[in-house]
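Colleague: This one is query-v4.cif, mmCIF, C-alpha atoms.
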```cif
data_my_file
loop_
_atom_site.label_atom_id
_atom_site.label_comp_id
_atom_site.auth_asym_id
_atom_site.auth_seq_id
_atom_site.Cartn_x
_atom_site.Cartn_y
_atom_site.Cartn_z
CA MET A 1 0.00 0.00 0.00
CA ALA A 2 1.19 3.51 -0.65
CA ASP A 3 2.94 5.34 2.18
CA GLN A 4 0.17 7.94 2.07
CA ASP A 5 -2.42 5.32 3.01
CA THR A 6 -0.24 4.12 5.90
CA HIS A 7 0.09 7.74 7.00
CA VAL A 8 -3.67 8.26 6.97
CA VAL A 9 -4.41 5.13 9.02
CA LEU A 10 -1.77 5.80 11.67
CA ALA A 11 -2.56 9.50 11.91
CA ARG A 12 -6.20 8.69 12.62
CA LEU A 13 -5.59 5.86 15.09
CA LEU A 14 -2.92 7.82 16.97
CA ARG A 15 -5.10 10.94 16.84
CA LEU A 16 -2.15 12.85 15.43
CA ARG A 17 -4.35 15.28 13.52
CA ASP A 18 -5.19 16.89 16.84
CA ARG A 19 -1.55 17.61 17.62
CA ARG A 20 0.01 20.93 16.79
CA GLU A 21 3.59 19.66 16.62
CA PRO A 22 4.10 18.11 13.16
CA LEU A 23 7.53 16.74 14.11
CA VAL A 24 6.05 14.77 17.02
CA ALA A 25 3.49 13.30 14.62
CA GLN A 26 6.19 12.45 12.07
CA ILE A 27 8.31 10.63 14.66
CA ALA A 28 5.30 8.79 16.10
CA GLU A 29 4.25 7.63 12.63
CA TRP A 30 7.75 6.43 11.71
CA VAL A 31 8.25 4.50 14.94
CA GLY A 32 4.66 3.20 14.95
CA ALA A 33 4.93 1.90 11.38
CA GLY A 34 8.28 0.29 12.23
CA ILE A 35 6.75 -1.53 15.18
CA ILE A 36 3.67 -2.65 13.26
CA GLU A 37 5.61 -3.85 10.20
CA GLY A 38 8.22 -5.66 12.31
CA ARG A 39 11.27 -3.51 11.59
CA LEU A 40 11.34 -2.70 15.31
CA GLN A 41 11.01 -5.89 17.32
CA PRO A 42 9.19 -6.47 20.65
CA GLY A 43 11.54 -5.67 23.52
CA GLN A 44 13.91 -3.67 21.32
CA ASP A 45 15.34 -0.50 22.87
CA LEU A 46 14.30 2.81 21.35
CA ASN A 47 17.33 5.09 21.68
CA SER A 48 16.08 8.66 21.93
CA VAL A 49 19.52 10.01 20.98
CA ASP A 50 19.54 7.99 17.76
CA LEU A 51 15.98 9.04 16.99
CA SER A 52 16.76 12.71 17.62
CA ARG A 53 19.67 12.44 15.19
CA ARG A 54 17.52 10.72 12.57
CA PHE A 55 14.95 13.52 12.71
CA ASP A 56 17.49 16.29 13.35
CA THR A 57 15.79 17.49 16.49
CA SER A 58 16.16 17.64 20.25
CA ARG A 59 15.11 14.75 22.46
CA THR A 60 11.93 16.52 23.59
CA PRO A 61 9.82 15.81 20.44
CA VAL A 62 11.15 12.25 20.46
CA ARG A 63 10.03 11.71 24.04
CA GLU A 64 6.62 13.21 23.31
CA ALA A 65 6.21 10.91 20.28
CA LEU A 66 7.15 7.86 22.34
CA MET A 67 4.66 8.90 25.02
CA VAL A 68 1.94 8.97 22.35
CA LEU A 69 2.87 5.42 21.39
CA GLU A 70 3.02 4.35 25.02
CA GLN A 71 -0.57 5.48 25.52
CA GLU A 72 -1.61 3.15 22.69
CA GLY A 73 0.30 0.15 24.03
CA LEU A 74 3.05 0.09 21.38
CA VAL A 75 5.90 1.35 23.57
CA GLU A 76 6.94 0.75 27.20
CA MET A 77 8.53 3.58 29.16
CA LYS A 78 9.82 2.85 32.68
CA ALA A 79 11.89 4.90 35.10
CA ARG A 80 15.67 4.60 34.69
CA ARG A 81 15.30 2.45 31.59
CA ARG A 82 15.35 3.19 27.91
CA PRO A 83 11.97 3.18 26.16
CA ARG A 84 11.41 -0.05 24.30
CA VAL A 85 8.96 -1.70 21.95
CA ALA A 86 6.14 -3.27 23.93
CA ALA A 87 6.22 -7.05 24.19
CA PRO A 88 2.76 -8.35 25.13
CA SER A 89 2.61 -11.74 26.79
CA LEU A 90 1.06 -14.70 25.00
CA GLN A 91 -1.90 -14.54 27.38
CA ASP A 92 -2.36 -10.84 26.61
CA ILE A 93 -2.39 -11.68 22.90
CA ARG A 94 -4.95 -14.45 23.37
CA ASP A 95 -7.17 -12.16 25.44
CA ILE A 96 -7.02 -9.45 22.75
CA TYR A 97 -7.94 -11.90 20.00
CA GLN A 98 -10.79 -13.34 22.06
CA VAL A 99 -12.36 -9.90 22.30
CA ARG A 100 -11.57 -9.08 18.68
CA ARG A 101 -13.22 -12.28 17.46
CA GLN A 102 -16.50 -11.36 19.14
CA LEU A 103 -16.41 -7.78 17.88
CA LEU A 104 -15.68 -8.79 14.30
CA ALA A 105 -18.46 -11.39 14.36
CA MET A 106 -20.82 -8.57 15.35
CA LEU A 107 -19.39 -6.37 12.59
CA ALA A 108 -19.97 -9.04 9.94
CA GLY A 109 -23.56 -9.58 11.05
CA LEU A 110 -24.30 -5.87 10.89
CA LEU A 111 -22.61 -5.64 7.49
CA VAL A 112 -25.01 -8.23 6.11
CA GLU A 113 -27.96 -6.26 7.50
CA ARG A 114 -26.90 -2.75 6.50
CA ALA A 115 -24.63 -2.80 3.45
CA THR A 116 -26.22 -1.93 0.13
CA ASP A 117 -25.48 -3.93 -2.99
CA GLU A 118 -23.36 -1.03 -4.25
CA GLN A 119 -21.31 -0.98 -1.05
CA LEU A 120 -20.74 -4.72 -1.22
CA ALA A 121 -19.59 -4.30 -4.83
CA GLU A 122 -17.09 -1.69 -3.61
CA LEU A 123 -15.79 -4.13 -0.98
CA ARG A 124 -15.56 -6.83 -3.67
CA ASP A 125 -13.34 -4.52 -5.74
CA ARG A 126 -11.10 -3.94 -2.74
CA VAL A 127 -10.74 -7.67 -2.14
CA GLY A 128 -9.93 -8.16 -5.83
CA ALA A 129 -7.05 -5.69 -5.48
CA MET A 130 -5.92 -7.54 -2.35
CA ARG A 131 -5.86 -10.80 -4.31
CA ALA A 132 -3.36 -9.24 -6.72
CA LEU A 133 -1.16 -8.11 -3.82
CA ALA A 134 -1.33 -11.56 -2.23
CA ASP A 135 -0.30 -13.16 -5.53
CA GLU A 136 2.68 -10.79 -5.63
CA GLY A 137 3.64 -11.71 -2.07
CA ASP A 138 3.60 -8.06 -0.98
CA VAL A 139 2.95 -8.49 2.75
CA ASP A 140 3.08 -4.81 3.72
CA ALA A 141 0.83 -3.60 0.91
CA TYR A 142 -1.64 -6.45 1.48
CA PHE A 143 -1.67 -5.78 5.22
CA TRP A 144 -2.51 -2.09 4.92
CA SER A 145 -5.14 -2.88 2.28
CA HIS A 146 -6.70 -5.31 4.74
CA VAL A 147 -6.68 -2.66 7.46
CA GLN A 148 -8.40 -0.23 5.10
CA LEU A 149 -10.95 -2.89 4.12
CA GLN A 150 -12.02 -3.46 7.71
CA GLU A 151 -12.10 0.28 8.34
CA ARG A 152 -14.44 0.67 5.37
CA MET A 153 -16.64 -2.11 6.74
CA THR A 154 -17.02 -0.28 10.05
CA GLU A 155 -17.92 2.92 8.19
CA ILE A 156 -20.60 1.12 6.20
CA VAL A 157 -22.07 -0.48 9.33
CA GLY A 158 -22.29 2.92 10.97
CA ASN A 159 -22.22 1.75 14.59
CA ALA A 160 -20.12 4.45 16.27
CA THR A 161 -19.71 2.53 19.53
CA LEU A 162 -18.50 -0.61 17.78
CA LYS A 163 -16.06 1.45 15.71
CA GLN A 164 -14.73 3.19 18.81
CA ILE A 165 -14.06 -0.11 20.58
CA LEU A 166 -12.40 -1.64 17.51
CA ASP A 167 -10.26 1.49 17.15
CA SER A 168 -9.19 1.24 20.79
CA LEU A 169 -7.87 -2.28 20.09
CA ALA A 170 -6.54 -1.52 16.63
CA LEU A 171 -3.02 -0.36 17.42
CA ARG A 172 -2.51 -3.22 19.88
CA THR A 173 -3.51 -5.71 17.21
CA LEU A 174 -1.90 -4.26 14.07
CA MET A 175 1.56 -5.56 14.94
CA LEU A 176 0.09 -9.01 15.61
CA ARG A 177 -2.02 -8.97 12.45
CA HIS A 178 1.04 -8.08 10.37
CA LEU A 179 3.05 -10.82 12.10
CA SER A 180 0.40 -13.42 11.28
CA LEU A 181 0.64 -12.56 7.57
CA THR A 182 4.39 -13.27 7.46
CA ARG A 183 3.80 -16.99 7.90
CA ALA A 184 4.19 -19.06 4.75
CA GLY A 185 0.93 -19.34 2.85
CA ARG A 186 -0.95 -16.91 5.10
CA LEU A 187 -1.56 -14.28 2.41
CA ALA A 188 -3.42 -16.77 0.25
CA TYR A 189 -5.45 -18.07 3.21
CA SER A 190 -6.29 -14.52 4.28
CA VAL A 191 -7.56 -13.34 0.92
CA ASP A 192 -9.56 -16.57 0.55
CA ASP A 193 -11.19 -15.72 3.89
CA GLN A 194 -12.09 -12.24 2.65
CA GLU A 195 -13.64 -13.59 -0.54
CA ARG A 196 -15.74 -16.13 1.39
CA LEU A 197 -16.87 -13.41 3.78
CA LEU A 198 -17.95 -11.16 0.90
CA GLN A 199 -19.83 -14.01 -0.72
CA ALA A 200 -21.73 -14.67 2.52
CA CYS A 201 -22.57 -10.96 2.75
CA GLU A 202 -23.76 -10.90 -0.86
CA GLU A 203 -25.97 -13.90 -0.11
CA ARG A 204 -27.25 -12.06 2.98
CA ASP A 205 -26.28 -14.96 5.25
CA LYS A 206 -25.69 -13.26 8.59
CA GLU A 207 -24.79 -16.36 10.61
CA LEU A 208 -22.32 -17.61 8.02
CA ALA A 209 -20.63 -14.22 7.67
CA SER A 210 -20.17 -13.97 11.44
CA ALA A 211 -18.83 -17.52 11.64
CA LEU A 212 -16.41 -16.95 8.76
CA ILE A 213 -14.84 -13.81 10.21
CA ALA A 214 -14.61 -15.42 13.65
CA GLY A 215 -12.87 -18.43 12.14
CA ALA A 216 -10.45 -16.22 10.23
CA THR A 217 -9.59 -14.43 13.49
CA VAL A 218 -8.88 -17.75 15.22
CA ARG A 219 -6.59 -18.79 12.36
CA ALA A 220 -4.77 -15.47 12.55
CA LEU A 221 -4.16 -16.02 16.26
CA ARG A 222 -2.84 -19.51 15.55
CA ALA A 223 -0.42 -18.06 13.00
CA VAL A 224 0.80 -15.52 15.59
CA GLU A 225 1.32 -18.27 18.16
CA GLU A 226 3.26 -20.39 15.67
CA GLN A 227 5.46 -17.46 14.65
CA LEU A 228 6.21 -16.56 18.27
CA GLU A 229 7.11 -20.18 19.00
CA GLN A 230 9.42 -20.25 16.00
CA ASP A 231 11.05 -16.95 17.00
CA ALA A 232 11.64 -18.29 20.53
CA ALA A 233 13.17 -21.50 19.15
CA ASP A 234 15.43 -19.50 16.81
CA ALA A 235 16.54 -17.32 19.72
CA ARG A 236 17.42 -20.40 21.80
CA THR A 237 19.41 -21.87 18.90
CA THR A 238 21.32 -18.62 18.41
CA SER A 239 22.07 -18.43 22.14
CA ARG A 240 23.42 -21.99 22.20
CA ARG A 241 25.67 -21.32 19.22
CA ARG A 242 27.06 -18.20 20.84
CA ARG A 243 27.83 -20.08 24.05
CA ALA A 244 29.48 -22.87 22.09
CA ALA A 245 31.63 -20.38 20.17
CA SER A 246 32.77 -18.50 23.29
#
```
I need this file expressed as C-alpha cells, please.
Modeller:
Amino acid sequence: MADQDTHVVLARLLRLRDRREPLVAQIAEWVGAGIIEGRLQPGQDLNSVDLSRRFDTSRTPVREALMVLEQEGLVEMKARRRPRVAAPSLQDIRDIYQVRRQLLAMLAGLLVERATDEQLAELRDRVGAMRALADEGDVDAYFWSHVQLQERMTEIVGNATLKQILDSLALRTLMLRHLSLTRAGRLAYSVDDQERLLQACEERDKELASALIAGATVRALRAVEEQLEQDAADARTTSRRRRAAS
C-alpha cells in the first residue's frame, strides 16, 4: 500500500491530527509503522539520541512521540530504563484476540444487514485488489489494504460505539495482524477468507458471515502463536551457538 495510506491510518488511530507539533506526529508515525511492520522488534530499545539524530531534532519531540505510542500500548517507558517496543505476553495476545473475534463477528452480522449492494460491490473490488497483492507476495501492501478494508466495513455499518471499541484495540492488534501474515501461505489463506466473507454478505447470510470472520480471526491467532514459538526457538538456537563459540 502507498505510504500515504499508511500515514492516513496511523494518523487517525494515533489521533495525530489533533496535535500541533508536526515533528512529534512524524516521529510517532515512523516508529509506529516500524513496530507494526516488524522492523522494530518487541523488547527492542528505542534510543532517543539515535531518533533525535535521525529527525534532526532535540530529544523533547522524540520523548513526546514515544509517550503517544506508550498510551496506545506500542511502547513501554519505565523509570531509569530506555523506552522499548512493547512485548505483550502470550496470554495478553490471546485475550485481545478473544475480544476481537467477538467484535468482528458482530461487525460481519451488521454488514449483512446494513450494506447496500453497491457498497458490497465496492468491498468486492477492494478484495480483488488484495488478491493481486497476495499473488505478488507483498505483505506490507496487502496488510494495509486489509486494514483499510475493515475500516471501510465499520464505516458502512455505521455503529459508532463498535467502531470506537475496535479502534481502541486496533493499534494493539496491528503488529500481531502483520506478524500473522508473514507466515508461509498466510496471504493466500487470508484473501480466501475475505472472498468467502464477501460471498456470505452478498448472499445475505448473517450467521455464516459472522462464523467466517470469527474463524479467520482464530486462524490469525494460531499463526501468531506459531510465529512466536518459531522466534523463541530461533533465539534459543542462536544463544546456544554463541555459548558454544565463546
Colleague: What does the PyMOL selection byres ((chain A and resi 145) around 12) select in this file, as a PyMOL selection string?
Modeller: chain A and resi 1-3+5-6+9+123+125-134+138-144+146-152+178+187+190-191+194
Colleague: Filtering to C-alpha atoms, could you give me those residues as a PDB file, keeping the file's coordinate frame?
Modeller:
```pdb
ATOM      1  CA  MET A   1       0.000   0.000   0.000  1.00  0.00           C
ATOM      2  CA  ALA A   2       1.190   3.510  -0.650  1.00  0.00           C
ATOM      3  CA  ASP A   3       2.940   5.340   2.180  1.00  0.00           C
ATOM      4  CA  ASP A   5      -2.420   5.320   3.010  1.00  0.00           C
ATOM      5  CA  THR A   6      -0.240   4.120   5.900  1.00  0.00           C
ATOM      6  CA  VAL A   9      -4.410   5.130   9.020  1.00  0.00           C
ATOM      7  CA  LEU A 123     -15.790  -4.130  -0.980  1.00  0.00           C
ATOM      8  CA  ASP A 125     -13.340  -4.520  -5.740  1.00  0.00           C
ATOM      9  CA  ARG A 126     -11.100  -3.940  -2.740  1.00  0.00           C
ATOM     10  CA  VAL A 127     -10.740  -7.670  -2.140  1.00  0.00           C
ATOM     11  CA  GLY A 128      -9.930  -8.160  -5.830  1.00  0.00           C
ATOM     12  CA  ALA A 129      -7.050  -5.690  -5.480  1.00  0.00           C
ATOM     13  CA  MET A 130      -5.920  -7.540  -2.350  1.00  0.00           C
ATOM     14  CA  ARG A 131      -5.860 -10.800  -4.310  1.00  0.00           C
ATOM     15  CA  ALA A 132      -3.360  -9.240  -6.720  1.00  0.00           C
ATOM     16  CA  LEU A 133      -1.160  -8.110  -3.820  1.00  0.00           C
ATOM     17  CA  ALA A 134      -1.330 -11.560  -2.230  1.00  0.00           C
ATOM     18  CA  ASP A 138       3.600  -8.060  -0.980  1.00  0.00           C
ATOM     19  CA  VAL A 139       2.950  -8.490   2.750  1.00  0.00           C
ATOM     20  CA  ASP A 140       3.080  -4.810   3.720  1.00  0.00           C
ATOM     21  CA  ALA A 141       0.830  -3.600   0.910  1.00  0.00           C
ATOM     22  CA  TYR A 142      -1.640  -6.450   1.480  1.00  0.00           C
ATOM     23  CA  PHE A 143      -1.670  -5.780   5.220  1.00  0.00           C
ATOM     24  CA  TRP A 144      -2.510  -2.090   4.920  1.00  0.00           C
ATOM     25  CA  HIS A 146      -6.700  -5.310   4.740  1.00  0.00           C
ATOM     26  CA  VAL A 147      -6.680  -2.660   7.460  1.00  0.00           C
ATOM     27  CA  GLN A 148      -8.400  -0.230   5.100  1.00  0.00           C
ATOM     28  CA  LEU A 149     -10.950  -2.890   4.120  1.00  0.00           C
ATOM     29  CA  GLN A 150     -12.020  -3.460   7.710  1.00  0.00           C
ATOM     30  CA  GLU A 151     -12.100   0.280   8.340  1.00  0.00           C
ATOM     31  CA  ARG A 152     -14.440   0.670   5.370  1.00  0.00           C
ATOM     32  CA  HIS A 178       1.040  -8.080  10.370  1.00  0.00           C
ATOM     33  CA  LEU A 187      -1.560 -14.280   2.410  1.00  0.00           C
ATOM     34  CA  SER A 190      -6.290 -14.520   4.280  1.00  0.00           C
ATOM     35  CA  VAL A 191      -7.560 -13.340   0.920  1.00  0.00           C
ATOM     36  CA  GLN A 194     -12.090 -12.240   2.650  1.00  0.00           C
TER      37      GLN A 194
END
```
Colleague: Near Arg222 of chain A, within 10 Å and counting all atoms listed in the file, which residues show up once chain neighbours fewer than 5 positions away are dropped, as a list in words?
Modeller: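 Those residues are Arg94, Ser180, Ala216, Thr217, Gln227 and Leu228 of chain A.
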Colleague: On this structure, the PyMOL selection byres ((chain A and resi 224-226) around 12) would catch which residues? List them as a PDB file with C-alpha atoms, in the frame of the given file, sorted by chain and number.
Modeller:
```
ATOM      1  CA  SER A  89       2.610 -11.740  26.790  1.00  0.00           C
ATOM      2  CA  LEU A  90       1.060 -14.700  25.000  1.00  0.00           C
ATOM      3  CA  GLN A  91      -1.900 -14.540  27.380  1.00  0.00           C
ATOM      4  CA  ASP A  92      -2.360 -10.840  26.610  1.00  0.00           C
ATOM      5  CA  ILE A  93      -2.390 -11.680  22.900  1.00  0.00           C
ATOM      6  CA  ARG A  94      -4.950 -14.450  23.370  1.00  0.00           C
ATOM      7  CA  TYR A  97      -7.940 -11.900  20.000  1.00  0.00           C
ATOM      8  CA  THR A 173      -3.510  -5.710  17.210  1.00  0.00           C
ATOM      9  CA  LEU A 174      -1.900  -4.260  14.070  1.00  0.00           C
ATOM     10  CA  MET A 175       1.560  -5.560  14.940  1.00  0.00           C
ATOM     11  CA  LEU A 176       0.090  -9.010  15.610  1.00  0.00           C
ATOM     12  CA  ARG A 177      -2.020  -8.970  12.450  1.00  0.00           C
ATOM     13  CA  HIS A 178       1.040  -8.080  10.370  1.00  0.00           C
ATOM     14  CA  LEU A 179       3.050 -10.820  12.100  1.00  0.00           C
ATOM     15  CA  SER A 180       0.400 -13.420  11.280  1.00  0.00           C
ATOM     16  CA  LEU A 181       0.640 -12.560   7.570  1.00  0.00           C
ATOM     17  CA  THR A 182       4.390 -13.270   7.460  1.00  0.00           C
ATOM     18  CA  ARG A 183       3.800 -16.990   7.900  1.00  0.00           C
ATOM     19  CA  ALA A 184       4.190 -19.060   4.750  1.00  0.00           C
ATOM     20  CA  ARG A 186      -0.950 -16.910   5.100  1.00  0.00           C
ATOM     21  CA  THR A 217      -9.590 -14.430  13.490  1.00  0.00           C
ATOM     22  CA  VAL A 218      -8.880 -17.750  15.220  1.00  0.00           C
ATOM     23  CA  ARG A 219      -6.590 -18.790  12.360  1.00  0.00           C
ATOM     24  CA  ALA A 220      -4.770 -15.470  12.550  1.00  0.00           C
ATOM     25  CA  LEU A 221      -4.160 -16.020  16.260  1.00  0.00           C
ATOM     26  CA  ARG A 222      -2.840 -19.510  15.550  1.00  0.00           C
ATOM     27  CA  ALA A 223      -0.420 -18.060  13.000  1.00  0.00           C
ATOM     28  CA  GLN A 227       5.460 -17.460  14.650  1.00  0.00           C
ATOM     29  CA  LEU A 228       6.210 -16.560  18.270  1.00  0.00           C
ATOM     30  CA  GLU A 229       7.110 -20.180  19.000  1.00  0.00           C
ATOM     31  CA  GLN A 230       9.420 -20.250  16.000  1.00  0.00           C
ATOM     32  CA  ASP A 231      11.050 -16.950  17.000  1.00  0.00           C
ATOM     33  CA  ALA A 232      11.640 -18.290  20.530  1.00  0.00           C
ATOM     34  CA  ALA A 233      13.170 -21.500  19.150  1.00  0.00           C
TER      35      ALA A 233
END
```
Colleague: Could you list, as a tab-separated table (two decimals) with C-alpha atoms, in the frame of the given file, every residue within 10 Å of Gly158 of chain A, counting all atoms listed in the file and ignoring same-chain residues fewer than 6 positions away?
Modeller:
```
chain	number	residue	atom	x	y	z
A	107	LEU	CA	-19.39	-6.37	12.59
A	110	LEU	CA	-24.30	-5.87	10.89
A	111	LEU	CA	-22.61	-5.64	7.49
A	114	ARG	CA	-26.90	-2.75	6.50
A	115	ALA	CA	-24.63	-2.80	3.45
A	152	ARG	CA	-14.44	0.67	5.37
```
Colleague: Rounded to one decimal place, report the atom CA of Arg53 of chain A-atom CA of Arg172 of chain A distance in Å.
Modeller: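 These atoms are spaced 27.6 Å apart.
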Colleague: Could you jot down the atom CA of Ser48 of chain A to atom CA of Arg82 of chain A separation for me, Å, one decimal place?
Modeller: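 Going from atom CA of Ser48 of chain A over to atom CA of Arg82 of chain A, I get 8.1 Å.
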Colleague: Using all atoms listed in the file, can you tell me which of A:Arg81, A:Val31, A:Glu72, A:Ala209 comes closest to Arg54 of chain A?
Modeller: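 Of all the options, A:Val31 lies closest to Arg54 of chain A.
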Colleague: Quick one: of A:Ala108, A:Cys201, A:Leu212, A:Ala188, who's nearest to Asn159 of chain A, counting all atoms listed in the file?
Modeller: A:Ala108
Colleague: Excluding Phe55 of chain A and its own-chain neighbours fewer than 6 positions away, which residues fall within 9 Å of it when counting all atoms listed in the file? Please give them as a ChimeraX atom specification.
Modeller: /A:23,26-27,62
Colleague: Applying the PyMOL selection byres ((chain A and resi 200) around 12) to the file I just gave you, which residues come out? Please list them as a PyMOL selection string.
Modeller: chain A and resi 108-109+111-113+120+124+193-199+201-213
Colleague: Of the candidates A:Lys163, A:Asp56, A:Gly73, A:Asn47, which shows the shortest atom-to-atom distance to Leu104 of chain A, using only C-alpha atoms?
Modeller: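 Ranking A:Lys163, A:Asp56, A:Gly73, A:Asn47 by distance to Leu104 of chain A, first place goes to A:Lys163.
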Colleague: Could you tell me how far atom CA of Ile165 of chain A sits from atom CA of Gln41 of chain A, in Å to one decimal place?
Modeller: 25.9 Å
Colleague: Once you count all atoms listed in the file, which residues end up no further than 10 Å from (6.4, -6.5, 26.2) in the file's frame, shown as a list of chain:residue names?
Modeller: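 Neighbouring residues, ordered by chain and number, come to A:Pro42, A:Gly43, A:Gln44, A:Gly73, A:Leu74, A:Val75, A:Glu76, A:Arg84, A:Val85, A:Ala86, A:Ala87, A:Pro88, A:Ser89, A:Leu90, A:Asp92.
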Colleague: Could those selected residues go to a file with C-alpha atoms, as a short mmCIF file (atom, residue, chain, number, x, y, z; two decimals), in the coordinates of the input?
Modeller:
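Below you can see part18.cif, which holds the result:
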```cif
data_model
loop_
_atom_site.label_atom_id
_atom_site.label_comp_id
_atom_site.auth_asym_id
_atom_site.auth_seq_id
_atom_site.Cartn_x
_atom_site.Cartn_y
_atom_site.Cartn_z
CA PRO A 42 9.19 -6.47 20.65
CA GLY A 43 11.54 -5.67 23.52
CA GLN A 44 13.91 -3.67 21.32
CA GLY A 73 0.30 0.15 24.03
CA LEU A 74 3.05 0.09 21.38
CA VAL A 75 5.90 1.35 23.57
CA GLU A 76 6.94 0.75 27.20
CA ARG A 84 11.41 -0.05 24.30
CA VAL A 85 8.96 -1.70 21.95
CA ALA A 86 6.14 -3.27 23.93
CA ALA A 87 6.22 -7.05 24.19
CA PRO A 88 2.76 -8.35 25.13
CA SER A 89 2.61 -11.74 26.79
CA LEU A 90 1.06 -14.70 25.00
CA ASP A 92 -2.36 -10.84 26.61
#
```
